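Report on one structure; see the data block that follows.
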Amino acid sequence: MRDTTQKLERWLRAGGKRVGQLSITPANGGWELRHADDAERNDLAQFSKCDDARTLANLDDAGAFRPLKTAPTLRHGWRLVLPDAHSLRLALEYFYPAMLGVWLAHSRGEVTPVELHDTLARQTGMYRITQKLTNEQAQRLIAKQCRATSCMKTILWRISRDVTVPLLPPGKFRADAVPAGTMPLLCQEACNFLVAAARKMVKDETLAP
Amino acid sequence: MLTQNAMFTKPDSALVIAGHGSTLNPDSSAPTWALAEEIRRRGVFGEVHCAFWKEEPSFRQVLHCVDRGDVYVVPNFISEGYFTKTVIPRELGLTGDATRIGRHTVKYCAPVGNHARMTELLLKRAADIAPGVPPEKTSLFIVGHGTDLNENSAVAAKREVERIAALGRYREVLSAYMEEAPLIAEWDKLSTSPNVVVVPFFISDGLHSYEDIPVLLGIAPESPGAASANRAAVFANNPYRLRGRTLYYASSIGTEAGFAEVILDQVAAFDSSHPA
């Protein structure tokens, strides 16, 4: 059996302190989470249950739903104090779903990135038409949907073997391009948000004219 | 209704609850997350995870998060159709009831909507929303999605109507749909009782239960987003008096506490039909 909680704790003890927009610091024998922008604030609302993370992660500062948790829109004004690494792991699953597991799997060489064309090729139903997406459309789409102001993940996949995304900076595709103490947020495969956006692009640009 | 799971614990196994999720509102995935929290609290499994089609963790990512090798996946879906037969198996990489994927053995259970206890949960919702209203003077509607190219929810709603009707409690029990006949929009023509109770047969409240069905019933304005803007009001304003009847409109059943037992039952049922 793997022990993700133990790996997380080891990372923290070795100086791990940042996941996405979250800052993690030792507190009362456990761990405290807050928005990294709020590091100096002492007027934060305090929470103490790992399930509180679901509420904190769901809405941005303006109260809008955050379906994509790796969007750089984490709300401010709170701190979450958790008793141990187990609770912290559960809370991270709300703030940055799957990111701890994918990172550990990637560090063990177990993540096989899937090219966008393969992701689209297996779509059925309402998303089948995304197979009509051209390379040029894919490049524009990814540049818009996956840019740092939309999603903080590092892209591990390509459009296809020989097709890259020149419209985004090279660092967007490098898993090692994160500062020390920061857990990378890794994208192994185009998400449903991108697939849904591809459907809209094909409908608007290819099928509608 | 008997449950099979009264005592089992599986500390060496993981549970993954597979839901639909939404890019529009958090209420779609909320019942699935709440179920995971409840089952985690009971300590039945060594670990409990969620995975979604429209949110993260996705079906593609979730196995990276599962420490234990033995994994039960229970779809938190009403109907056995496109999502449970096509999307979830494809995205997880399943080839049968039990599939070896890397270091995991994934055991694919029946969706919650197949469980016999759905009938009890629908009846509870109907009774709770119309307290003191005599069933013998009441028509009960179970509302499914209906034809959507890939959905199969009509079958599930019809099955529940047959089960509830067989109990003989309500004056009449009817299935109706958003997008196919019999249409829920014609509820007053389809039913004959002075009281009408409408229960949506959906896992979670969302666009369909907040807005689409209330508009079709005539209890919410047609302007897009108007009903969703004040979600709770559509349930808090019961009963509605219109078209010469008294109408009670219930929320979706996925938040009923009994769903945790249903999930555990689906795991027990998998084990019963697949002896080690």
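Identifiers in the structure tokens: chain A, B, ... in order shown; residue index from 1 per chain; ligand index from 1 in order shown.
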
Give me the residues of chain A that have any atom at most 9 Å from an atom of chain B; for each, the nearest atom pair and the distance in Å, rounded to one decimal. Use only C-alpha atoms, sort by chain and number, and format it as a Markdown table.
| residue | atom | partner | partner_atom | distance |
| --- | --- | --- | --- | --- |
| A:Met1 | CA | B:Arg68 | CA | 5.2 |
| A:Arg2 | CA | B:Asp67 | CA | 4.6 |
| A:Asp3 | CA | B:Asp67 | CA | 6.0 |
| A:Thr4 | CA | B:Asp67 | CA | 6.6 |
| A:Asp51 | CA | B:Glu37 | CA | 7.6 |
| A:Arg54 | CA | B:Trp33 | CA | 8.6 |
| A:Asn58 | CA | B:Pro26 | CA | 6.9 |
| A:Leu59 | CA | B:Pro26 | CA | 8.7 |
| A:Ala64 | CA | B:Asn25 | CA | 8.8 |
| A:Phe65 | CA | B:Asn25 | CA | 6.1 |
| A:Arg66 | CA | B:Thr23 | CA | 7.9 |
| A:Pro67 | CA | B:Thr23 | CA | 5.0 |
| A:Leu68 | CA | B:Glu55 | CA | 6.9 |
| A:Lys69 | CA | B:Glu56 | CA | 7.7 |
| A:Glu93 | CA | B:Pro57 | CA | 8.1 |
| A:Tyr96 | CA | B:Glu56 | CA | 8.4 |
| A:Pro97 | CA | B:Pro57 | CA | 5.0 |
| A:Ala98 | CA | B:Pro57 | CA | 5.2 |
| A:Met99 | CA | B:Pro57 | CA | 8.4 |
| A:Leu100 | CA | B:Cys65 | CA | 7.3 |
| A:Gly101 | CA | B:Cys65 | CA | 4.3 |
| A:Val102 | CA | B:His64 | CA | 5.6 |
| A:Trp103 | CA | B:His64 | CA | 8.8 |
| A:Leu104 | CA | B:His64 | CA | 8.1 |
| A:Ala105 | CA | B:His64 | CA | 6.2 |
| A:Glu110 | CA | B:His64 | CA | 8.7 |
| A:Val111 | CA | B:His64 | CA | 8.5 |
| A:Arg122 | CA | B:Arg90 | CA | 8.3 |
| A:Gln123 | CA | B:Val87 | CA | 8.7 |
| A:Thr124 | CA | B:Val87 | CA | 8.2 |
| A:Gly125 | CA | B:Asn150 | CA | 7.1 |
| A:Met126 | CA | B:Leu149 | CA | 8.9 |
| A:Gln188 | CA | B:Gln61 | CA | 8.2 |
| A:Glu189 | CA | B:Arg60 | CA | 8.3 |
| A:Cys191 | CA | B:Ser58 | CA | 7.9 |
| A:Asn192 | CA | B:Lys54 | CA | 6.0 |
| A:Phe193 | CA | B:Lys54 | CA | 7.4 |

For this session: Do a neighbour search on Thr154 in chain A at 8 Å with only C-alpha atoms, toss out local chain neighbours closer than 4 positions, and write the hits as a PyMOL selection string.
Result: chain A and resi 171-175+184-187

Exercise. If you run DSSP on this backbone, which residues of range 168-207 of chain A come out as strand (DSSP E), and could you give them as a ChimeraX atom specification?
Worked result: /A:182-183,186-187

Exercise. DSSP says alpha helix (DSSP H) for which residues of range 24-202 of chain A? Put them as a VMD selection string?
Worked result: chain A and resid 52 to 58 85 to 95 99 to 107 116 to 121 135 to 145 192 to 201

For those residues, write N, CA and C atoms to a file as a short mmCIF file (atom, residue, chain, number, x, y, z; two decimals), in the first residue's frame.
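File produced: selection.cif:
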data_model
loop_
_atom_site.label_atom_id
_atom_site.label_comp_id
_atom_site.auth_asym_id
_atom_site.auth_seq_id
_atom_site.Cartn_x
_atom_site.Cartn_y
_atom_site.Cartn_z
N ASP A 52 -14.30 21.99 5.98
CA ASP A 52 -14.50 23.43 5.72
C ASP A 52 -13.82 23.84 4.42
N ALA A 53 -12.78 23.07 4.06
CA ALA A 53 -12.04 23.41 2.84
C ALA A 53 -12.94 23.39 1.61
N ARG A 54 -13.96 22.52 1.62
CA ARG A 54 -14.86 22.46 0.46
C ARG A 54 -15.55 23.80 0.26
N THR A 55 -16.08 24.37 1.34
CA THR A 55 -16.75 25.67 1.26
C THR A 55 -15.76 26.76 0.85
N LEU A 56 -14.57 26.73 1.46
CA LEU A 56 -13.58 27.77 1.17
C LEU A 56 -13.10 27.71 -0.27
N ALA A 57 -13.02 26.50 -0.83
CA ALA A 57 -12.49 26.34 -2.19
C ALA A 57 -13.54 26.60 -3.26
N ASN A 58 -14.81 26.54 -2.88
CA ASN A 58 -15.86 26.55 -3.91
C ASN A 58 -16.13 27.90 -4.55
N ALA A 85 -1.36 15.79 9.39
CA ALA A 85 -1.14 15.69 7.95
C ALA A 85 -2.31 14.96 7.25
N HIS A 86 -2.97 14.07 7.97
CA HIS A 86 -4.12 13.37 7.38
C HIS A 86 -5.23 14.37 7.03
N SER A 87 -5.55 15.25 7.98
CA SER A 87 -6.58 16.28 7.72
C SER A 87 -6.12 17.21 6.60
N LEU A 88 -4.84 17.52 6.61
CA LEU A 88 -4.30 18.42 5.58
C LEU A 88 -4.46 17.79 4.19
N ARG A 89 -4.18 16.50 4.11
CA ARG A 89 -4.33 15.81 2.82
C ARG A 89 -5.78 15.91 2.33
N LEU A 90 -6.75 15.70 3.23
CA LEU A 90 -8.16 15.78 2.84
C LEU A 90 -8.51 17.20 2.40
N ALA A 91 -7.99 18.19 3.12
CA ALA A 91 -8.28 19.59 2.76
C ALA A 91 -7.68 19.92 1.40
N LEU A 92 -6.47 19.44 1.14
CA LEU A 92 -5.83 19.71 -0.16
C LEU A 92 -6.65 19.13 -1.30
N GLU A 93 -7.34 18.03 -1.01
CA GLU A 93 -8.17 17.38 -2.04
C GLU A 93 -9.32 18.31 -2.45
N TYR A 94 -9.75 19.19 -1.55
CA TYR A 94 -10.78 20.17 -1.91
C TYR A 94 -10.16 21.39 -2.60
N PHE A 95 -9.03 21.85 -2.07
CA PHE A 95 -8.43 23.06 -2.65
C PHE A 95 -7.83 22.77 -4.03
N MET A 99 -4.17 16.91 -7.15
CA MET A 99 -2.84 17.44 -7.47
C MET A 99 -1.73 16.78 -6.66
N LEU A 100 -2.00 16.43 -5.41
CA LEU A 100 -0.99 15.74 -4.61
C LEU A 100 -0.71 14.36 -5.20
N GLY A 101 -1.78 13.62 -5.50
CA GLY A 101 -1.62 12.27 -6.04
C GLY A 101 -0.93 12.27 -7.40
N VAL A 102 -1.29 13.21 -8.26
CA VAL A 102 -0.69 13.27 -9.60
C VAL A 102 0.79 13.64 -9.49
N TRP A 103 1.10 14.57 -8.59
CA TRP A 103 2.51 14.97 -8.43
C TRP A 103 3.36 13.80 -7.95
N LEU A 104 2.87 13.08 -6.93
CA LEU A 104 3.63 11.93 -6.41
C LEU A 104 3.78 10.85 -7.49
N ALA A 105 2.69 10.60 -8.22
CA ALA A 105 2.74 9.59 -9.28
C ALA A 105 3.74 10.03 -10.36
N HIS A 106 3.74 11.32 -10.68
CA HIS A 106 4.66 11.84 -11.69
C HIS A 106 6.11 11.69 -11.23
N SER A 107 6.34 11.93 -9.94
CA SER A 107 7.72 11.82 -9.43
C SER A 107 8.18 10.36 -9.42
N LEU A 116 -3.53 15.74 -26.77
CA LEU A 116 -4.88 16.28 -26.92
C LEU A 116 -5.68 15.51 -27.98
N HIS A 117 -5.05 15.20 -29.09
CA HIS A 117 -5.78 14.51 -30.15
C HIS A 117 -6.28 13.13 -29.70
N ASP A 118 -5.55 12.49 -28.82
CA ASP A 118 -6.01 11.20 -28.29
C ASP A 118 -7.18 11.39 -27.32
N THR A 119 -7.09 12.45 -26.52
CA THR A 119 -8.21 12.75 -25.60
C THR A 119 -9.49 13.02 -26.39
N LEU A 120 -9.36 13.83 -27.44
CA LEU A 120 -10.55 14.17 -28.23
C LEU A 120 -11.05 12.96 -29.03
N ALA A 121 -10.12 12.12 -29.46
CA ALA A 121 -10.51 10.96 -30.29
C ALA A 121 -11.40 9.98 -29.54
N ASN A 135 -5.29 21.71 -35.56
CA ASN A 135 -4.12 22.04 -34.75
C ASN A 135 -4.07 23.54 -34.46
N GLU A 136 -4.39 24.33 -35.47
CA GLU A 136 -4.34 25.79 -35.31
C GLU A 136 -5.39 26.24 -34.29
N GLN A 137 -6.58 25.65 -34.37
CA GLN A 137 -7.62 25.99 -33.38
C GLN A 137 -7.19 25.55 -31.98
N ALA A 138 -6.60 24.36 -31.91
CA ALA A 138 -6.15 23.84 -30.61
C ALA A 138 -5.12 24.78 -29.99
N GLN A 139 -4.21 25.30 -30.81
CA GLN A 139 -3.18 26.21 -30.28
C GLN A 139 -3.81 27.48 -29.71
N ARG A 140 -4.78 28.02 -30.44
CA ARG A 140 -5.45 29.24 -29.95
C ARG A 140 -6.26 28.94 -28.68
N LEU A 141 -6.94 27.81 -28.72
CA LEU A 141 -7.81 27.43 -27.60
C LEU A 141 -6.99 27.25 -26.31
N ILE A 142 -5.90 26.50 -26.42
CA ILE A 142 -5.06 26.23 -25.25
C ILE A 142 -4.44 27.53 -24.73
N ALA A 143 -4.01 28.38 -25.67
CA ALA A 143 -3.40 29.65 -25.27
C ALA A 143 -4.38 30.47 -24.42
N LYS A 144 -5.67 30.35 -24.72
CA LYS A 144 -6.67 31.12 -23.98
C LYS A 144 -7.10 30.40 -22.69
N GLN A 145 -7.43 29.14 -22.81
CA GLN A 145 -8.01 28.40 -21.68
C GLN A 145 -6.97 28.04 -20.61
N ASN A 192 -11.92 18.34 -18.73
CA ASN A 192 -13.24 18.47 -19.35
C ASN A 192 -13.56 19.92 -19.69
N PHE A 193 -12.96 20.87 -18.98
CA PHE A 193 -13.21 22.28 -19.30
C PHE A 193 -12.66 22.62 -20.68
N LEU A 194 -11.48 22.07 -20.96
CA LEU A 194 -10.88 22.33 -22.28
C LEU A 194 -11.66 21.60 -23.37
N VAL A 195 -12.07 20.37 -23.08
CA VAL A 195 -12.84 19.61 -24.07
C VAL A 195 -14.16 20.33 -24.36
N ALA A 196 -14.81 20.84 -23.31
CA ALA A 196 -16.07 21.57 -23.50
C ALA A 196 -15.83 22.85 -24.31
N ALA A 197 -14.71 23.52 -24.05
CA ALA A 197 -14.38 24.73 -24.81
C ALA A 197 -14.06 24.38 -26.26
N ALA A 198 -13.44 23.22 -26.49
CA ALA A 198 -13.16 22.77 -27.85
C ALA A 198 -14.47 22.53 -28.61
N ARG A 199 -15.45 21.99 -27.92
CA ARG A 199 -16.75 21.76 -28.55
C ARG A 199 -17.36 23.09 -29.00
N LYS A 200 -17.27 24.09 -28.13
CA LYS A 200 -17.85 25.39 -28.47
C LYS A 200 -17.11 26.01 -29.66
N MET A 201 -15.78 25.87 -29.66
CA MET A 201 -15.00 26.44 -30.76
C MET A 201 -15.34 25.77 -32.09
#

For this session: Work out how far CA of Lys107 in chain B is from CA of Tyr127 in chain A, in Å to one decimal.
Result: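 Taking CA of Tyr127 in chain A and CA of Lys107 in chain B, their separation equals 26.9 Å.
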
Report as an mmCIF file with C-alpha atoms, in the first residue's frame all protein, DNA and RNA residues lying within 12 Å of range 29-38 of chain A, evaluated on only C-alpha atoms, omitting residues in the same chain fewer than 6 positions from it.
data_model
loop_
_atom_site.group_PDB
_atom_site.id
_atom_site.type_symbol
_atom_site.label_atom_id
_atom_site.label_comp_id
_atom_site.auth_asym_id
_atom_site.auth_seq_id
_atom_site.Cartn_x
_atom_site.Cartn_y
_atom_site.Cartn_z
ATOM 1 C CA LEU A 8 2.981 14.770 2.205
ATOM 2 C CA GLU A 9 4.271 15.021 5.747
ATOM 3 C CA LEU A 12 6.342 19.492 4.566
ATOM 4 C CA ARG A 13 9.107 18.586 7.022
ATOM 5 C CA GLY A 16 7.333 22.251 1.516
ATOM 6 C CA LYS A 17 5.157 25.304 2.126
ATOM 7 C CA ARG A 18 3.252 26.280 -0.982
ATOM 8 C CA VAL A 19 0.550 24.593 -3.120
ATOM 9 C CA GLY A 20 -0.999 26.798 -5.771
ATOM 10 C CA GLN A 21 -2.132 29.952 -3.959
ATOM 11 C CA LEU A 22 -2.059 28.204 -0.577
ATOM 12 C CA SER A 23 0.569 28.813 2.019
ATOM 13 C CA LEU A 44 -8.681 36.222 9.176
ATOM 14 C CA ALA A 45 -11.789 34.144 9.858
ATOM 15 C CA GLN A 46 -10.676 30.880 11.452
ATOM 16 C CA PHE A 47 -11.811 27.405 10.418
ATOM 17 C CA SER A 48 -10.779 24.092 11.936
ATOM 18 C CA LYS A 49 -12.335 21.177 10.022
ATOM 19 C CA CYS A 50 -10.893 19.680 6.851
ATOM 20 C CA ASP A 52 -14.503 23.426 5.718
ATOM 21 C CA ALA A 53 -12.038 23.411 2.841
ATOM 22 C CA LEU A 56 -13.578 27.771 1.169
ATOM 23 C CA ALA A 57 -12.488 26.342 -2.187
ATOM 24 C CA ASP A 60 -14.039 33.165 -5.246
ATOM 25 C CA ASP A 61 -13.817 36.565 -3.546
ATOM 26 C CA PRO A 72 -5.840 31.518 -9.661
ATOM 27 C CA THR A 73 -8.992 32.750 -7.942
ATOM 28 C CA LEU A 74 -8.724 31.311 -4.431
ATOM 29 C CA ARG A 75 -10.688 33.461 -2.019
ATOM 30 C CA HIS A 76 -8.973 35.520 0.685
ATOM 31 C CA GLY A 77 -9.718 36.284 4.302
ATOM 32 C CA TRP A 78 -9.605 32.917 6.098
ATOM 33 C CA ARG A 79 -7.249 30.530 7.789
ATOM 34 C CA LEU A 80 -7.781 26.815 8.282
ATOM 35 C CA VAL A 81 -5.996 25.163 11.213
ATOM 36 C CA LEU A 82 -5.772 21.382 10.980
ATOM 37 C CA PRO A 83 -4.485 18.934 13.583
ATOM 38 C CA ASP A 84 -2.390 16.634 11.393
ATOM 39 C CA ALA A 85 -1.140 15.689 7.949
ATOM 40 C CA HIS A 86 -4.118 13.366 7.376
ATOM 41 C CA SER A 87 -6.575 16.276 7.716
ATOM 42 C CA LEU A 88 -4.305 18.423 5.582
ATOM 43 C CA ARG A 89 -4.330 15.812 2.822
ATOM 44 C CA ALA A 91 -8.277 19.586 2.764
ATOM 45 C CA LEU A 92 -5.828 19.712 -0.159
ATOM 46 C CA PHE A 95 -8.430 23.060 -2.645
ATOM 47 C CA THR A 182 6.328 24.637 -3.999
#

Residues near Glu80 in chain B, anyone? I mean within 12 Å using only C-alpha atoms, not counting same-chain ones fewer than 2 positions away, as an mmCIF file with N, CA and C atoms, in the first residue's frame.
data_model
loop_
_atom_site.group_PDB
_atom_site.id
_atom_site.type_symbol
_atom_site.label_atom_id
_atom_site.label_comp_id
_atom_site.auth_asym_id
_atom_site.auth_seq_id
_atom_site.Cartn_x
_atom_site.Cartn_y
_atom_site.Cartn_z
ATOM 1 N N VAL B 74 -18.417 3.317 -7.031
ATOM 2 C CA VAL B 74 -19.883 3.329 -7.064
ATOM 3 C C VAL B 74 -20.345 4.599 -7.775
ATOM 4 N N PRO B 75 -21.030 4.468 -8.921
ATOM 5 C CA PRO B 75 -21.540 5.660 -9.601
ATOM 6 C C PRO B 75 -22.708 6.267 -8.835
ATOM 7 N N ASN B 76 -22.607 7.550 -8.521
ATOM 8 C CA ASN B 76 -23.702 8.253 -7.864
ATOM 9 C C ASN B 76 -24.618 8.831 -8.949
ATOM 10 N N PHE B 77 -25.198 7.922 -9.700
ATOM 11 C CA PHE B 77 -26.077 8.278 -10.816
ATOM 12 C C PHE B 77 -27.399 7.543 -10.649
ATOM 13 N N ILE B 78 -28.478 8.170 -11.107
ATOM 14 C CA ILE B 78 -29.808 7.563 -11.008
ATOM 15 C C ILE B 78 -29.972 6.421 -12.004
ATOM 16 N N TYR B 82 -25.831 6.087 -20.323
ATOM 17 C CA TYR B 82 -24.628 6.566 -21.001
ATOM 18 C C TYR B 82 -23.448 6.756 -20.055
ATOM 19 N N PHE B 83 -23.699 7.407 -18.908
ATOM 20 C CA PHE B 83 -22.564 7.698 -18.025
ATOM 21 C C PHE B 83 -22.022 6.443 -17.345
ATOM 22 N N THR B 84 -22.944 5.595 -16.883
ATOM 23 C CA THR B 84 -22.460 4.421 -16.146
ATOM 24 C C THR B 84 -21.977 3.321 -17.077
ATOM 25 N N LYS B 85 -22.511 3.279 -18.296
ATOM 26 C CA LYS B 85 -22.128 2.208 -19.228
ATOM 27 C C LYS B 85 -20.993 2.626 -20.169
ATOM 28 N N THR B 86 -20.892 3.913 -20.474
ATOM 29 C CA THR B 86 -19.918 4.355 -21.475
ATOM 30 C C THR B 86 -18.832 5.258 -20.886
ATOM 31 N N VAL B 87 -19.253 6.382 -20.294
ATOM 32 C CA VAL B 87 -18.279 7.411 -19.923
ATOM 33 C C VAL B 87 -17.359 6.960 -18.782
ATOM 34 N N ILE B 88 -17.941 6.492 -17.694
ATOM 35 C CA ILE B 88 -17.100 6.129 -16.533
ATOM 36 C C ILE B 88 -16.156 4.968 -16.883
ATOM 37 N N CYS B 109 -19.211 -1.123 -9.293
ATOM 38 C CA CYS B 109 -20.490 -1.487 -8.679
ATOM 39 C C CYS B 109 -21.655 -0.870 -9.471
ATOM 40 N N ALA B 110 -22.866 -1.314 -9.138
ATOM 41 C CA ALA B 110 -24.067 -0.772 -9.784
ATOM 42 C C ALA B 110 -24.313 0.652 -9.293
ATOM 43 N N PRO B 111 -24.934 1.498 -10.126
ATOM 44 C CA PRO B 111 -25.216 2.875 -9.687
ATOM 45 C C PRO B 111 -26.252 2.908 -8.563
ATOM 46 N N VAL B 112 -26.228 3.978 -7.785
ATOM 47 C CA VAL B 112 -27.151 4.089 -6.646
ATOM 48 C C VAL B 112 -28.616 4.014 -7.087
ATOM 49 N N GLY B 113 -28.908 4.548 -8.285
ATOM 50 C CA GLY B 113 -30.298 4.600 -8.737
ATOM 51 C C GLY B 113 -30.922 3.241 -8.953
ATOM 52 N N ASN B 114 -30.118 2.205 -9.050
ATOM 53 C CA ASN B 114 -30.627 0.841 -9.226
ATOM 54 C C ASN B 114 -31.141 0.230 -7.930
ATOM 55 N N HIS B 115 -30.792 0.857 -6.815
ATOM 56 C CA HIS B 115 -31.039 0.227 -5.518
ATOM 57 C C HIS B 115 -32.515 0.275 -5.133
ATOM 58 N N ASN B 150 -28.560 10.489 -24.913
ATOM 59 C CA ASN B 150 -27.797 9.413 -24.304
ATOM 60 C C ASN B 150 -28.310 8.958 -22.945
ATOM 61 N N GLU B 151 -29.359 9.535 -22.478
ATOM 62 C CA GLU B 151 -29.781 9.228 -21.116
ATOM 63 C C GLU B 151 -30.866 8.177 -21.109
ATOM 64 N N ASN B 152 -30.990 7.550 -19.996
ATOM 65 C CA ASN B 152 -31.896 6.430 -19.876
ATOM 66 C C ASN B 152 -32.759 6.599 -18.645
ATOM 67 N N SER B 153 -32.944 7.855 -18.216
ATOM 68 C CA SER B 153 -33.577 8.078 -16.917
ATOM 69 C C SER B 153 -35.048 7.715 -16.925
ATOM 70 N N ALA B 154 -35.691 7.719 -18.097
ATOM 71 C CA ALA B 154 -37.114 7.389 -18.153
ATOM 72 C C ALA B 154 -37.371 5.996 -17.589
ATOM 73 N N VAL B 155 -36.467 5.079 -17.863
ATOM 74 C CA VAL B 155 -36.636 3.703 -17.392
ATOM 75 C C VAL B 155 -36.648 3.661 -15.870
ATOM 76 N N ALA B 156 -35.719 4.390 -15.260
ATOM 77 C CA ALA B 156 -35.621 4.387 -13.799
ATOM 78 C C ALA B 156 -36.871 5.005 -13.178
ATOM 79 N N ALA B 157 -37.359 6.103 -13.741
ATOM 80 C CA ALA B 157 -38.551 6.757 -13.190
ATOM 81 C C ALA B 157 -39.766 5.837 -13.316
#

For this session: Would you list the contacts of Ala126 in chain B as a ChimeraX atom specification, taking every protein, DNA or RNA residue within 9 Å and counting only C-alpha atoms, but skipping same-chain residues closer than 2 positions in sequence?
Result: /B:121-124,128-131,140,197-199,248-250

Problem set entry | Selection: 8 Å around range 259-271 of chain B, only C-alpha atoms, excl. self and same-chain fewer than 2 positions, as JSON, numbers by chain | {"B": [3, 4, 5, 35, 38, 39, 72, 74, 107, 108, 109, 110, 111, 112, 115, 117, 254, 255, 256, 257, 273, 274, 275, 276]}

Exercise. With only C-alpha atoms as the atoms that count, which of B:Ile164, B:Leu174, B:Val234, B:Val143 lies nearest to Ala116 in chain B?
Worked result: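 That would be B:Ile164, the residue with the smallest distance to Ala116 in chain B.
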
Problem set entry | Separation of CA of Ile203 in chain B from CA of Pro31 in chain B in Å |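 Separating CA of Pro31 in chain B from CA of Ile203 in chain B is a distance of 7.6 Å.
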